[in-house]
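Heads up, protein.cif below (mmCIF, C-alpha atoms):
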data_target
#
loop_
_atom_site.label_atom_id
_atom_site.label_comp_id
_atom_site.auth_asym_id
_atom_site.auth_seq_id
_atom_site.Cartn_x
_atom_site.Cartn_y
_atom_site.Cartn_z
CA MET A 185 -9.52 11.32 8.20
CA ALA A 186 -11.57 9.76 5.39
CA PHE A 187 -8.63 9.93 2.98
CA GLY A 188 -6.07 8.48 5.37
CA LEU A 189 -4.66 5.15 4.27
CA THR A 190 -5.57 2.00 6.18
CA LEU A 191 -2.92 -0.59 7.02
CA VAL A 192 -4.09 -2.84 4.17
CA GLU A 193 -3.86 0.05 1.71
CA ARG A 194 -0.35 0.90 2.91
CA ILE A 195 0.71 -2.75 2.54
CA ASN A 196 -0.44 -2.76 -1.07
CA ARG A 197 1.43 0.48 -1.68
CA ALA A 198 4.52 -1.12 -0.11
CA ARG A 199 4.26 -4.13 -2.45
CA ALA A 200 4.12 -1.81 -5.44
CA ASP A 201 7.10 0.18 -4.11
CA LEU A 202 9.19 -2.97 -3.69
CA ARG A 203 8.39 -4.13 -7.22
CA LEU A 204 9.48 -0.70 -8.51
CA GLY A 205 12.76 -0.84 -6.59
CA VAL A 206 11.65 1.78 -4.07
CA PRO A 207 12.66 1.15 -0.44
CA ILE A 208 10.09 1.02 2.32
CA VAL A 209 10.38 1.55 6.08
CA LEU A 210 9.47 -0.96 8.77
CA THR A 211 9.08 0.32 12.32
CA GLY A 212 9.19 -2.05 15.28
CA PRO A 213 9.94 -2.14 18.99
CA GLU A 214 13.68 -1.97 18.31
CA GLY A 215 13.52 0.98 15.92
CA ARG A 216 13.04 1.53 12.23
CA ALA A 217 14.75 0.01 9.23
CA LEU A 218 15.01 0.68 5.53
CA VAL A 219 13.99 -2.35 3.41
CA MET A 220 14.55 -2.90 -0.31
CA ALA A 221 13.94 -5.99 -2.46
CA ALA A 222 17.23 -7.37 -3.78
CA GLU A 223 15.70 -8.29 -7.14
CA THR A 224 14.67 -4.73 -8.03
CA ALA A 225 17.50 -2.79 -6.37
CA THR A 226 19.30 -0.21 -8.51
CA PRO A 227 23.01 0.72 -8.31
CA GLU A 228 22.14 4.20 -7.09
CA ARG A 229 19.88 3.01 -4.28
CA LEU A 230 22.27 0.23 -3.32
CA ASP A 231 25.03 2.84 -2.97
CA ALA A 232 22.71 5.04 -0.91
CA MET A 233 22.08 2.17 1.51
CA ARG A 234 25.77 1.35 2.00
CA ALA A 235 26.50 1.78 5.67
CA PRO A 236 27.75 -0.34 8.55
CA GLY A 237 25.10 -2.87 9.46
CA LEU A 238 23.64 -3.38 5.97
CA VAL A 239 22.22 -6.93 5.93
CA LEU A 240 20.84 -9.20 3.23
CA ALA A 241 18.01 -11.36 4.58
CA LEU A 242 17.56 -14.71 2.84
CA THR A 243 15.26 -17.62 3.57
CA ARG A 244 16.69 -20.80 5.05
CA HIS A 245 16.40 -22.66 1.76
CA ARG A 246 18.37 -20.06 -0.19
CA ALA A 247 20.94 -19.71 2.59
CA GLU A 248 21.53 -23.45 2.68
CA THR A 249 22.03 -23.48 -1.09
CA LEU A 250 24.71 -20.79 -0.66
CA LYS A 251 26.27 -22.63 2.32
CA ALA A 252 25.46 -19.66 4.57
CA ARG A 253 24.47 -20.12 8.22
CA PRO A 254 20.72 -19.69 8.92
CA TYR A 255 21.27 -18.99 12.62
CA ASP A 256 17.69 -17.74 12.97
CA GLY A 257 16.28 -21.09 11.87
CA ASP A 258 14.00 -20.01 9.02
CA LEU A 259 16.29 -17.32 7.64
CA ALA A 260 19.83 -15.99 7.48
CA ARG A 261 21.01 -12.41 8.00
CA ILE A 262 24.15 -11.98 5.91
CA VAL A 263 26.34 -8.92 6.40
CA VAL A 264 26.75 -7.22 3.01
CA PRO A 265 30.47 -6.74 2.18
CA LYS A 266 31.62 -3.15 1.72
CA ASP A 267 32.60 -3.79 -1.91
CA ALA A 268 29.46 -5.73 -2.86
CA ASP A 269 27.98 -4.50 -6.11
CA LEU A 270 24.65 -5.09 -7.80
CA ALA A 271 25.95 -8.20 -9.58
CA TRP A 272 26.87 -9.76 -6.22
CA LEU A 273 23.46 -8.89 -4.81
CA ARG A 274 21.58 -10.38 -7.76
CA ALA A 275 23.72 -13.53 -7.65
CA MET A 276 22.88 -13.96 -3.98
CA ALA A 277 19.15 -13.66 -4.66
CA ASP A 278 18.88 -15.49 -8.00
CA PRO A 279 20.24 -19.05 -8.42
CA ALA A 280 20.33 -18.89 -12.22
CA ASP A 281 24.15 -18.95 -12.32
CA ASP A 282 24.82 -20.99 -9.18
CA LEU A 283 26.27 -23.91 -11.12
CA ARG A 284 28.60 -21.66 -13.12
CA HIS A 285 29.69 -19.66 -10.06
CA PRO A 286 29.00 -21.86 -7.01
CA MET A 287 31.34 -20.13 -4.53
CA LYS A 288 30.00 -16.78 -3.34
CA GLY A 289 31.30 -16.75 0.24
CA PRO A 290 32.74 -16.69 2.77
CA PHE A 291 29.78 -15.11 4.53
CA GLN A 292 29.41 -13.38 7.85
CA SER A 293 26.00 -14.28 9.23
CA MET A 294 24.43 -12.40 12.11
CA ARG A 295 23.30 -14.43 15.09
CA GLU A 296 22.62 -11.78 17.75
CA GLY A 297 19.49 -9.72 18.18
CA SER A 298 15.95 -10.18 16.91
CA ALA A 299 15.26 -11.29 13.34
CA ASP A 300 11.55 -10.42 13.47
CA LEU A 301 11.91 -7.40 11.20
CA HIS A 302 13.95 -9.35 8.64
CA ARG A 303 11.44 -12.22 8.75
CA THR A 304 8.53 -9.89 8.08
CA ALA A 305 10.46 -8.12 5.31
CA LEU A 306 10.93 -11.46 3.55
CA ALA A 307 7.26 -12.33 3.95
CA LEU A 308 6.27 -9.00 2.39
CA VAL A 309 8.70 -9.42 -0.50
CA LYS A 310 7.21 -12.87 -1.18
CA THR A 311 3.71 -11.43 -1.37
CA ALA A 312 5.01 -9.03 -4.03
CA GLN A 313 6.01 -12.18 -6.01
CA LEU A 314 9.67 -11.16 -5.98
CA LEU A 315 12.64 -13.33 -5.12
CA PRO A 316 12.71 -13.71 -1.31
CA ALA A 317 15.81 -11.64 -0.62
CA ALA A 318 15.71 -8.28 1.14
CA LEU A 319 18.27 -5.61 2.01
CA VAL A 320 17.71 -4.31 5.53
CA LEU A 321 19.46 -1.34 7.14
CA ASP A 322 18.80 0.12 10.56
CA ALA A 323 17.82 3.74 9.93
CA PRO A 324 16.69 5.41 13.16
CA ASP A 325 17.28 8.92 11.83
CA LEU A 326 15.60 8.47 8.45
CA PRO A 327 13.59 11.65 7.76
CA ASP A 328 9.85 11.30 7.12
CA SER A 329 10.18 13.94 4.40
CA LEU A 330 11.45 11.24 2.00
CA GLY A 331 7.85 10.08 1.62
CA LEU A 332 8.66 6.36 1.87
CA THR A 333 5.88 3.96 2.82
CA ASN A 334 6.17 3.25 6.54
CA LEU A 335 4.62 0.12 8.06
CA PRO A 336 4.40 -0.92 11.73
CA LEU A 337 6.10 -4.29 12.18
CA GLU A 338 3.73 -6.21 14.45
CA PRO A 339 0.44 -5.22 12.74
CA LEU A 340 2.07 -5.93 9.36
CA ALA A 341 3.14 -9.43 10.40
CA ALA A 342 -0.34 -10.16 11.73
CA GLU A 343 -2.00 -8.93 8.54
CA LEU A 344 0.29 -10.99 6.29
CA ALA A 345 -0.63 -14.12 8.29
CA ARG A 346 -4.35 -13.43 8.12
CA ALA A 347 -6.58 -15.34 5.69
CA SER A 348 -7.99 -13.17 2.90
CA THR A 349 -11.69 -12.41 2.98
CA MET A 350 -13.51 -12.31 -0.35
CA ALA A 351 -16.25 -10.06 -1.66
CA PRO A 352 -18.45 -11.26 -4.54
CA VAL A 353 -18.22 -8.94 -7.55
CA ILE A 354 -20.49 -10.46 -10.21
CA ASN A 355 -21.67 -13.79 -11.58
CA ALA A 356 -23.04 -14.59 -15.00
CA ARG A 357 -24.11 -17.55 -17.09
CA LEU A 358 -21.42 -19.06 -19.33
CA PRO A 359 -22.15 -22.05 -21.61
CA MET A 360 -19.00 -24.18 -21.90
CA VAL A 361 -17.80 -27.24 -23.73
CA ALA A 362 -18.03 -29.17 -20.45
CA SER A 363 -21.59 -28.00 -19.78
CA GLU A 364 -24.02 -25.52 -21.25
CA ALA A 365 -25.28 -24.96 -17.70
CA GLY A 366 -22.23 -23.04 -16.51
CA ARG A 367 -21.95 -19.95 -14.33
CA VAL A 368 -18.81 -17.96 -13.44
CA HIS A 369 -18.53 -16.11 -10.12
CA ILE A 370 -15.86 -13.45 -9.57
CA PHE A 371 -14.55 -12.79 -6.05
CA ARG A 372 -12.28 -9.92 -5.06
CA PRO A 373 -10.08 -10.06 -1.93
CA ARG A 374 -10.67 -7.21 0.49
CA ASP A 375 -6.89 -6.89 0.89
CA GLY A 376 -6.42 -5.77 -2.73
CA GLY A 377 -4.95 -9.09 -3.92
CA GLU A 378 -5.71 -10.97 -7.11
CA GLU A 379 -9.28 -11.97 -7.91
CA HIS A 380 -10.35 -15.62 -7.78
CA TYR A 381 -13.08 -17.40 -9.74
CA ALA A 382 -15.69 -20.07 -9.08
CA ILE A 383 -17.08 -22.03 -12.03
CA GLU A 384 -20.42 -23.52 -11.07
CA ILE A 385 -21.77 -26.36 -13.18
CA GLY A 386 -25.54 -26.86 -13.08
CA GLN A 387 -27.28 -26.05 -9.82
CA PRO A 388 -25.48 -28.01 -7.08
CA ASP A 389 -27.68 -28.90 -4.12
CA ARG A 390 -26.17 -27.17 -1.06
CA ALA A 391 -27.72 -29.84 1.17
CA LYS A 392 -25.72 -32.63 -0.48
CA PRO A 393 -21.96 -33.20 -0.96
CA VAL A 394 -20.78 -31.24 -3.99
CA LEU A 395 -18.22 -32.48 -6.49
CA ALA A 396 -15.55 -29.80 -6.18
CA ARG A 397 -12.01 -29.00 -7.26
CA LEU A 398 -9.53 -26.38 -6.06
CA HIS A 399 -7.52 -25.62 -9.20
CA SER A 400 -4.55 -23.28 -9.02
CA ALA A 401 -3.96 -21.11 -12.09
CA CYS A 402 -1.38 -22.52 -14.49
CA PHE A 403 -0.84 -20.28 -17.51
CA THR A 404 1.59 -22.70 -19.12
CA GLY A 405 -0.59 -25.79 -18.66
CA ASP A 406 -4.14 -24.39 -18.82
CA VAL A 407 -3.55 -21.96 -21.71
CA LEU A 408 -0.45 -23.12 -23.59
CA GLY A 409 -0.95 -26.88 -23.19
CA SER A 410 2.41 -27.41 -21.49
CA LEU A 411 3.60 -31.01 -21.38
CA LYS A 412 5.73 -30.31 -18.28
CA CYS A 413 2.75 -30.60 -15.90
CA ASP A 414 -0.67 -32.22 -15.69
CA CYS A 415 -2.61 -29.02 -14.88
CA GLY A 416 -4.39 -28.50 -18.21
CA PRO A 417 -5.67 -32.08 -18.45
CA GLN A 418 -6.75 -31.97 -14.79
CA LEU A 419 -8.71 -28.75 -15.38
CA ASN A 420 -10.50 -30.16 -18.41
CA ALA A 421 -11.14 -33.56 -16.83
CA ALA A 422 -12.57 -31.99 -13.67
CA LEU A 423 -14.98 -29.80 -15.64
CA ALA A 424 -15.94 -32.74 -17.88
CA GLN A 425 -16.72 -34.94 -14.86
CA MET A 426 -18.83 -32.20 -13.30
CA GLY A 427 -20.66 -31.80 -16.61
CA ALA A 428 -21.27 -35.55 -16.85
CA GLU A 429 -22.70 -35.61 -13.31
CA GLY A 430 -24.75 -32.47 -13.97
CA ALA A 431 -23.39 -30.45 -11.04
CA GLY A 432 -20.17 -29.30 -9.44
CA VAL A 433 -18.00 -26.31 -8.58
CA LEU A 434 -14.43 -25.61 -9.66
CA LEU A 435 -12.51 -22.87 -7.88
CA TYR A 436 -9.92 -21.28 -10.14
CA LEU A 437 -7.44 -19.74 -7.71
CA ASN A 438 -4.90 -17.23 -8.96
CA GLN A 439 -1.91 -18.81 -7.22
CA GLU A 440 0.36 -19.47 -10.20
CA GLY A 441 3.38 -21.71 -9.70
CA ARG A 442 2.21 -23.02 -6.31
CA GLY A 443 1.92 -19.42 -5.15
CA ILE A 444 5.27 -18.00 -6.29
CA GLY A 445 4.02 -16.26 -9.45
CA LEU A 446 4.67 -16.87 -13.12
CA ALA A 447 8.09 -15.16 -13.26
CA ASN A 448 9.45 -17.26 -10.41
CA LYS A 449 7.81 -20.36 -11.87
CA MET A 450 9.77 -19.75 -15.08
CA ARG A 451 12.91 -19.38 -12.97
CA ALA A 452 12.11 -22.75 -11.43
CA TYR A 453 11.63 -24.25 -14.90
CA SER A 454 15.03 -22.90 -15.90
CA LEU A 455 16.57 -24.59 -12.87
CA GLN A 456 14.80 -27.82 -13.78
CA ASP A 457 16.58 -27.63 -17.14
CA GLN A 458 19.83 -27.63 -15.12
CA GLY A 459 18.85 -30.95 -13.54
CA PHE A 460 16.97 -29.99 -10.35
CA ASP A 461 13.54 -31.41 -9.60
CA THR A 462 10.54 -29.17 -8.91
CA VAL A 463 11.02 -29.10 -5.11
CA GLU A 464 14.78 -28.54 -5.34
CA ALA A 465 14.21 -25.69 -7.80
CA ASN A 466 11.79 -23.94 -5.44
CA HIS A 467 14.22 -24.32 -2.56
CA ARG A 468 17.14 -22.91 -4.54
CA LEU A 469 15.00 -19.87 -5.28
CA GLY A 470 14.31 -19.49 -1.57
CA PHE A 471 10.70 -20.66 -1.53
CA GLU A 472 8.94 -23.48 0.28
CA ASP A 473 7.73 -26.54 -1.63
CA ASP A 474 4.29 -24.94 -1.85
CA GLU A 475 3.48 -21.30 -1.05
CA ARG A 476 -0.26 -21.48 -1.80
CA ASP A 477 -2.90 -20.47 0.73
CA PHE A 478 -5.65 -23.09 0.51
CA ARG A 479 -7.67 -21.22 3.14
CA ILE A 480 -8.90 -19.11 0.22
CA GLY A 481 -10.60 -22.11 -1.35
CA ALA A 482 -12.19 -23.18 1.93
CA GLY A 483 -13.54 -19.68 2.49
CA LEU A 484 -15.04 -19.45 -0.99
CA LEU A 485 -16.80 -22.80 -0.70
CA ARG A 486 -18.28 -21.80 2.65
CA GLN A 487 -19.31 -18.42 1.27
CA MET A 488 -21.12 -20.13 -1.62
CA GLY A 489 -23.10 -22.23 0.86
CA PHE A 490 -21.27 -25.55 0.56
CA ARG A 491 -20.39 -27.62 3.62
CA ASP A 492 -19.93 -31.21 2.40
CA VAL A 493 -17.50 -31.85 -0.44
CA ARG A 494 -16.44 -34.66 -2.75
CA LEU A 495 -13.01 -33.30 -3.57
CA LEU A 496 -11.38 -33.96 -6.94
CA THR A 497 -7.69 -34.08 -6.01
CA ASN A 498 -4.60 -36.23 -5.71
CA ASN A 499 -3.24 -33.98 -2.96
CA PRO A 500 -4.09 -35.11 0.60
CA ARG A 501 -3.02 -31.68 1.89
CA LYS A 502 -6.07 -30.14 0.24
CA VAL A 503 -8.33 -32.65 2.01
CA ASP A 504 -6.72 -31.88 5.38
CA MET A 505 -6.96 -28.14 4.78
CA LEU A 506 -10.65 -28.17 3.91
CA ASN A 507 -11.45 -30.39 6.88
CA ALA A 508 -9.53 -28.00 9.15
CA HIS A 509 -11.38 -24.92 7.89
CA GLY A 510 -15.05 -25.63 8.30
CA LEU A 511 -15.75 -28.12 5.51
CA ASN A 512 -16.40 -31.86 5.53
CA VAL A 513 -14.63 -33.82 2.78
CA VAL A 514 -16.77 -36.93 2.52
CA GLU A 515 -14.76 -38.38 -0.36
CA ARG A 516 -11.47 -37.81 -2.14
CA VAL A 517 -12.09 -38.37 -5.86
CA PRO A 518 -8.83 -39.21 -7.71
CA LEU A 519 -7.95 -37.20 -10.82
CA ARG A 520 -5.30 -39.21 -12.63
CA VAL A 521 -4.89 -37.72 -16.07
CA GLY A 522 -2.25 -35.91 -18.08
CA GLU A 523 0.90 -37.99 -17.62
CA THR A 524 3.37 -37.50 -20.47
CA ALA A 525 6.93 -38.51 -21.18
CA GLN A 526 7.90 -34.91 -20.43
CA ASN A 527 6.24 -34.73 -16.98
CA ALA A 528 6.77 -38.27 -15.66
CA ALA A 529 9.70 -37.20 -13.46
CA TYR A 530 7.73 -34.16 -12.23
CA LEU A 531 4.79 -36.34 -11.19
CA ALA A 532 7.13 -38.81 -9.49
CA THR A 533 8.63 -35.95 -7.47
CA LYS A 534 5.16 -34.75 -6.44
CA ALA A 535 4.38 -38.25 -5.23
CA ALA A 536 7.70 -38.80 -3.44
CA LYS A 537 8.22 -35.35 -1.91
CA SER A 538 4.79 -33.75 -1.71
CA GLY A 539 2.69 -36.80 -0.89
CA HIS A 540 0.46 -36.73 -3.98
CA LEU A 541 -1.45 -39.98 -4.50
CA LEU A 542 -0.74 -40.87 -8.10
#
Could you write out this structure as structure tokens?
Amino acid sequence: MAFGLTLVERINRARADLRLGVPIVLTGPEGRALVMAAETATPERLDAMRAPGLVLALTRHRAETLKARPYDGDLARIVVPKDADLAWLRAMADPADDLRHPMKGPFQSMREGSADLHRTALALVKTAQLLPAALVLDAPDLPDSLGLTNLPLEPLAAELARASTMAPVINARLPMVASEAGRVHIFRPRDGGEEHYAIEIGQPDRAKPVLARLHSACFTGDVLGSLKCDCGPQLNAALAQMGAEGAGVLLYLNQEGRGIGLANKMRAYSLQDQGFDTVEANHRLGFEDDERDFRIGAGLLRQMGFRDVRLLTNNPRKVDMLNAHGLNVVERVPLRVGETAQNAAYLATKAAKSGHLL
């Protein structure tokens, strides 16, 4: 039927449900399960899910912080105690009070059976920019009359792993401080995700290597002038260099906080105030060092007609990613600006742990 929801539309509805604290249903080869994000769970819905077999799925990084056993390699399935309340659940998901209350165990971690459903539940919760912690309960007899969003496990996992495809929305001229010959292009993902922007300086020749930068959104640095990172100065310096050369393209990708979202980025900042570096903070939250999808940038450059790139970056991973996805990086152009007394340790961590060439 024309009004029937596609898989992509149902996934977006599921993300919204999880952010609202509404459970969803995942259906796989081994049956169906009720899934709820730990961060947005309510006392009433937590009580309604209490039953033998209720499990809290956590990523390996968060499990290791809690000294729980990640028997499944990339995640742990922790049996929820019968007397666990909402405070326990939030403390398991959110490391804000770990130093004040470090002992939360002992834990009983599952090691039998497939973890595919739990793994996909965590991936979906991440895409909703929530803390990666999910309650999972086998619910074979759950009635369809509840109206909960139901997703098939294997197609969902495949869709979450797929690179987003972008549709151009509009472009218009925009004179800027960096160059009066500016043009902003808006692209909208076909999967309903956040829009991304391309700022074109001058009229770059598609037959020659273009000076380009993949810049991830940083509200605190780009807008507020944060001294904790070098993002704002890098943005301005990249645009200024493109303006000086008369041509270039800057992709402004809405992947705040290395892809974990602004709320989780602020959680990471709070952990940094407790003494953890940027990578350690991400791990304590349950995230990888970097959750961004650089395939988006490669796709946009190709879509705009670029093939050869002079890439403004200190991150070799971006060079490798573009080369692996249909582009030819003929030169890595360093962008060494923005070091402050407040971000010196942050930059040192990026160099030591993330391989940035500073």
Give me the residues near Trp272 in chain A as a list of chain:residue names, where near means some atom within 12 Å (using only C-alpha atoms) and where sequence neighbours in that chain fewer than 2 positions away do not count.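 Skipping anything fewer than 2 positions along the chain leaves A:Ala222, A:Glu223, A:Ala225, A:Pro227, A:Leu230, A:Leu240, A:Val264, A:Pro265, A:Lys266, A:Asp267, A:Ala268, A:Asp269, A:Leu270, A:Arg274, A:Ala275, A:Met276, A:Ala277, A:Asp278, A:Pro279, A:Asp281, A:Asp282, A:His285, A:Met287, A:Lys288, A:Gly289.
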Since I can't run it myself right now, could you work out what the PyMOL selection byres ((chain A and resi 334) around 8) selects here and report it as a PyMOL selection string? chain A and resi 194+208-211+332-333+335-336
Assuming the chain letters and numbering stay as they are in my file, what does the PyMOL selection byres ((chain A and resi 326) around 12) actually select? List them as a list of chain:residue names. A:Pro207, A:Ile208, A:Val209, A:Leu210, A:Thr211, A:Gly215, A:Arg216, A:Ala217, A:Leu218, A:Met233, A:Leu321, A:Asp322, A:Ala323, A:Pro324, A:Asp325, A:Pro327, A:Asp328, A:Ser329, A:Leu330, A:Gly331, A:Leu332, A:Asn334
Can you list what the PyMOL selection byres ((chain A and resi 400) around 7) grabs from this structure, as number ranges by chain? A: 398-399, 401-402, 436-440
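Here CA of Leu191 in chain A is placed at a distance of 14.2 Å from CA of Ser348 in chain A.
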Give me the range 395-471 of chain A side of the contact with range 310-315 of chain A, cut-off 9 Å, one line per residue showing its nearest atom pair and distance in Å at one decimal, counting only C-alpha atoms, sorted by chain and residue number, as JSON lines.
{"residue": "A:Gly443", "atom": "CA", "partner": "A:Gln313", "partner_atom": "CA", "distance": 8.4}
{"residue": "A:Ile444", "atom": "CA", "partner": "A:Gln313", "partner_atom": "CA", "distance": 5.9}
{"residue": "A:Gly445", "atom": "CA", "partner": "A:Gln313", "partner_atom": "CA", "distance": 5.7}
{"residue": "A:Leu446", "atom": "CA", "partner": "A:Gln313", "partner_atom": "CA", "distance": 8.6}
{"residue": "A:Ala447", "atom": "CA", "partner": "A:Gln313", "partner_atom": "CA", "distance": 8.1}
{"residue": "A:Asn448", "atom": "CA", "partner": "A:Leu315", "partner_atom": "CA", "distance": 7.3}
{"residue": "A:Leu469", "atom": "CA", "partner": "A:Leu315", "partner_atom": "CA", "distance": 7.0}
{"residue": "A:Gly470", "atom": "CA", "partner": "A:Leu315", "partner_atom": "CA", "distance": 7.3}
{"residue": "A:Phe471", "atom": "CA", "partner": "A:Leu315", "partner_atom": "CA", "distance": 8.4}
Write out as an NGL selection string which residues come within 8 Å of Arg468 in chain A when counting all atoms listed in the file, dropping same-chain ones fewer than 6 positions away. :A and (245-246 or 249 or 279)
Under the rule that all atoms listed in the file are counted, which of A:Ala428, A:Ala529, A:Val320, A:Leu484 is the nearest residue to Thr349 in chain A?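 The shortest atom-to-atom distance to Thr349 in chain A comes from A:Leu484.
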Pull the closest atom pair for each residue of range 450-494 of chain A that gets at most 8 Å from range 374-394 of chain A, along with the distance in Å to one decimal, counting all atoms listed in the file, ordering rows by chain and then ascending residue number, as a Markdown table.
| residue | atom | partner | partner_atom | distance |
| --- | --- | --- | --- | --- |
| A:Gly489 | CA | A:Arg390 | CA | 6.1 |
| A:Phe490 | CA | A:Arg390 | CA | 5.4 |
| A:Arg491 | CA | A:Pro393 | CA | 7.4 |
| A:Asp492 | CA | A:Pro393 | CA | 4.4 |
| A:Val493 | CA | A:Pro393 | CA | 4.7 |
| A:Arg494 | CA | A:Val394 | CA | 5.7 |
CA of Tyr530 in chain A to CA of Val463 in chain A, straight-line distance in Å: 9.3 Å
Counting all atoms listed in the file, figure out which residue out of A:Pro286, A:Gly432, A:Gly188, A:Gly237 gets nearest to Leu250 in chain A. A:Pro286
CA of Asn512 in chain A to CA of Asp473 in chain A measures 25.7 Å
Using only C-alpha atoms, pick whichever of A:Ala341, A:Met294, A:Val206, A:Leu506 has the shortest atom-to-atom distance to Arg253 in chain A.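 Ranking A:Ala341, A:Met294, A:Val206, A:Leu506 by distance to Arg253 in chain A, first place goes to A:Met294.
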Which residue, A:Arg501, A:Arg486, A:Arg229, A:Arg244, has the smallest gap to Leu259 in chain A when you use all atoms listed in the file? A:Arg244
Expected answer as a ChimeraX atom specification: all residues with atoms within 9 Å of (9.6, -6.8, 14.6), all atoms listed in the file: /A:210-215,298-304,336-338,341
For a quick check of your reading of the model, name the residues lying within 10 Å of the coordinate (1.2, -33.2, -20.9), counting all atoms listed in the file, and write them as number ranges by chain. A: 405, 409-417, 521-528
